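Contents: one structure, followed by commentary.
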Amino acid sequence: MGETVQHEERLAKLIDWFERAALAHAAAMEVMHEEAATLQAERLDRVFAALLREDGLEEFLVLLNNKEPAVSGMAAVYGMRYAPKRCTAVLAALAQEPGLLGFRASVALELWESGEWPH
């Protein structure tokens, strides 16, 4: 198997792990399970760092179009410094949604616009 194929397979696994962690994080947040949410946030950090090491940013940014709002929103949060226009558009759309996800998207936008972006 060629090096390119192996690289693509590693990226695909990392993307899948990010999706799963984003969904698990959202589920933990919905039920206010802080320990589980923290565990998933740490997993997201590690997976995103690995994607950057693998030069997988462009593949990662495809998640901005994910059908699951929790995934596209989390991708927007992590991708903000790399593709701010695309990410703010995703967060602005999510901020219109009711519930915790919409609230969190609006807070993320406020942090970005105020210059207090933590990621």
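Going through the structure tokens in order, the chains are called A, B, and so on, while each chain numbers its residues from 1 and the ligands are numbered from 1 in the order shown.
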As a short mmCIF file (atom, residue, chain, number, x, y, z; two decimals) with N, CA, C and O atoms, in the first residue's frame, please: the residues near region 12-28 of chain A (cut-off 7 Å, only C-alpha atoms, same-chain neighbours under 3 positions excluded).
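selection_3.cif, freshly written:
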data_model
loop_
_atom_site.label_atom_id
_atom_site.label_comp_id
_atom_site.auth_asym_id
_atom_site.auth_seq_id
_atom_site.Cartn_x
_atom_site.Cartn_y
_atom_site.Cartn_z
N GLU A 8 -4.21 8.91 3.55
CA GLU A 8 -5.65 9.13 3.40
C GLU A 8 -6.45 8.31 4.40
O GLU A 8 -7.44 8.79 4.94
N GLU A 9 -6.00 7.09 4.65
CA GLU A 9 -6.69 6.24 5.63
C GLU A 9 -6.55 6.81 7.04
O GLU A 9 -7.52 6.78 7.82
N VAL A 31 -27.11 16.41 28.72
CA VAL A 31 -27.53 15.83 30.00
C VAL A 31 -26.70 16.36 31.16
O VAL A 31 -26.80 15.87 32.28
N MET A 32 -25.88 17.36 30.88
CA MET A 32 -25.04 18.02 31.88
C MET A 32 -24.14 17.05 32.62
O MET A 32 -23.99 17.12 33.84
N HIS A 33 -23.53 16.13 31.87
CA HIS A 33 -22.57 15.19 32.43
C HIS A 33 -21.17 15.78 32.19
O HIS A 33 -20.54 15.54 31.16
N ALA A 36 -18.01 13.46 31.40
CA ALA A 36 -18.03 12.90 30.04
C ALA A 36 -17.76 13.99 29.01
O ALA A 36 -17.04 13.76 28.03
N ALA A 37 -18.32 15.18 29.21
CA ALA A 37 -18.09 16.28 28.28
C ALA A 37 -16.61 16.67 28.26
O ALA A 37 -16.04 16.92 27.19
N GLN A 40 -14.59 14.08 26.33
CA GLN A 40 -14.75 14.24 24.88
C GLN A 40 -14.05 15.50 24.37
O GLN A 40 -13.50 15.49 23.27
N ALA A 41 -14.06 16.56 25.15
CA ALA A 41 -13.35 17.78 24.75
C ALA A 41 -11.86 17.51 24.64
O ALA A 41 -11.20 17.97 23.70
N ARG A 43 -10.54 14.62 23.98
CA ARG A 43 -10.40 13.77 22.79
C ARG A 43 -10.43 14.64 21.53
O ARG A 43 -9.62 14.44 20.61
N LEU A 44 -11.34 15.59 21.48
CA LEU A 44 -11.41 16.50 20.33
C LEU A 44 -10.10 17.26 20.15
O LEU A 44 -9.61 17.41 19.03
N VAL A 47 -7.46 14.82 18.71
CA VAL A 47 -7.73 14.44 17.33
C VAL A 47 -7.46 15.62 16.39
O VAL A 47 -6.84 15.46 15.33
N LEU A 51 -4.84 15.83 13.33
CA LEU A 51 -5.21 16.22 11.97
C LEU A 51 -4.28 17.31 11.44
O LEU A 51 -3.86 17.27 10.28
N PHE A 60 -10.48 18.15 7.10
CA PHE A 60 -11.22 18.45 8.32
C PHE A 60 -12.33 19.48 8.05
O PHE A 60 -13.45 19.33 8.53
N ALA A 70 -24.16 19.20 15.66
CA ALA A 70 -23.12 19.11 16.69
C ALA A 70 -21.74 18.93 16.07
O ALA A 70 -20.75 19.45 16.59
N VAL A 71 -21.68 18.23 14.95
CA VAL A 71 -20.40 18.01 14.27
C VAL A 71 -19.97 19.27 13.52
O VAL A 71 -18.83 19.72 13.65
N MET A 74 -18.92 21.95 16.04
CA MET A 74 -17.63 21.70 16.67
C MET A 74 -16.51 21.90 15.66
O MET A 74 -15.44 22.43 16.00
#
### Summary
Judged by only C-alpha atoms, the minimum distance to Val90 (chain A) among A:Ser72, A:Ser106, A:Glu113, A:Tyr78 is found for A:Ser72
### Message
Can you pull out every residue from chain A that DSSP, working from the backbone, puts in alpha helix (DSSP H), and format the result as a ChimeraX atom specification?
### Response
/A:3-30,34-53,57-61,69-79,84-95,99-114
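Straight-line separation from CA of Pro84 (chain A) to CA of Glu30 (chain A): 26.4 Å.
Among the candidate residues A:Glu54, A:Glu110, A:Glu97, A:Glu68, the one lying nearest to Arg10 (chain A) is A:Glu54, with distances computed using only C-alpha atoms.
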### Task
Quick one: pull the distance between CA of Thr88 (chain A) and CA of Leu109 (chain A), Å, one decimal.
6.8 Å
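Distance annotation: of A:Val107, A:Leu64, A:Arg53, A:Trp117, the residue with the minimal separation from Arg81 (chain A) is A:Trp117; atom set is only C-alpha atoms.
Close contacts of Gln96 (chain A), defined as residues with an atom at most 9 Å away when counting only C-alpha atoms, with chain neighbours fewer than 4 positions off set aside, comprise Leu91, Ala92, Gly102, Phe103, Ala105 and Ser106 of chain A.
Between CA of Glu34 (chain A) and CA of Ala89 (chain A) the separation is 28.0 Å.
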### Task
Would you kindly return, as a PyMOL selection string, each protein, DNA or RNA residue with an atom no farther than 10 Å from any atom of Tyr82 (chain A), considering only C-alpha atoms and excluding same-chain residues fewer than 5 positions away?
chain A and resi 57-58+61+76+87
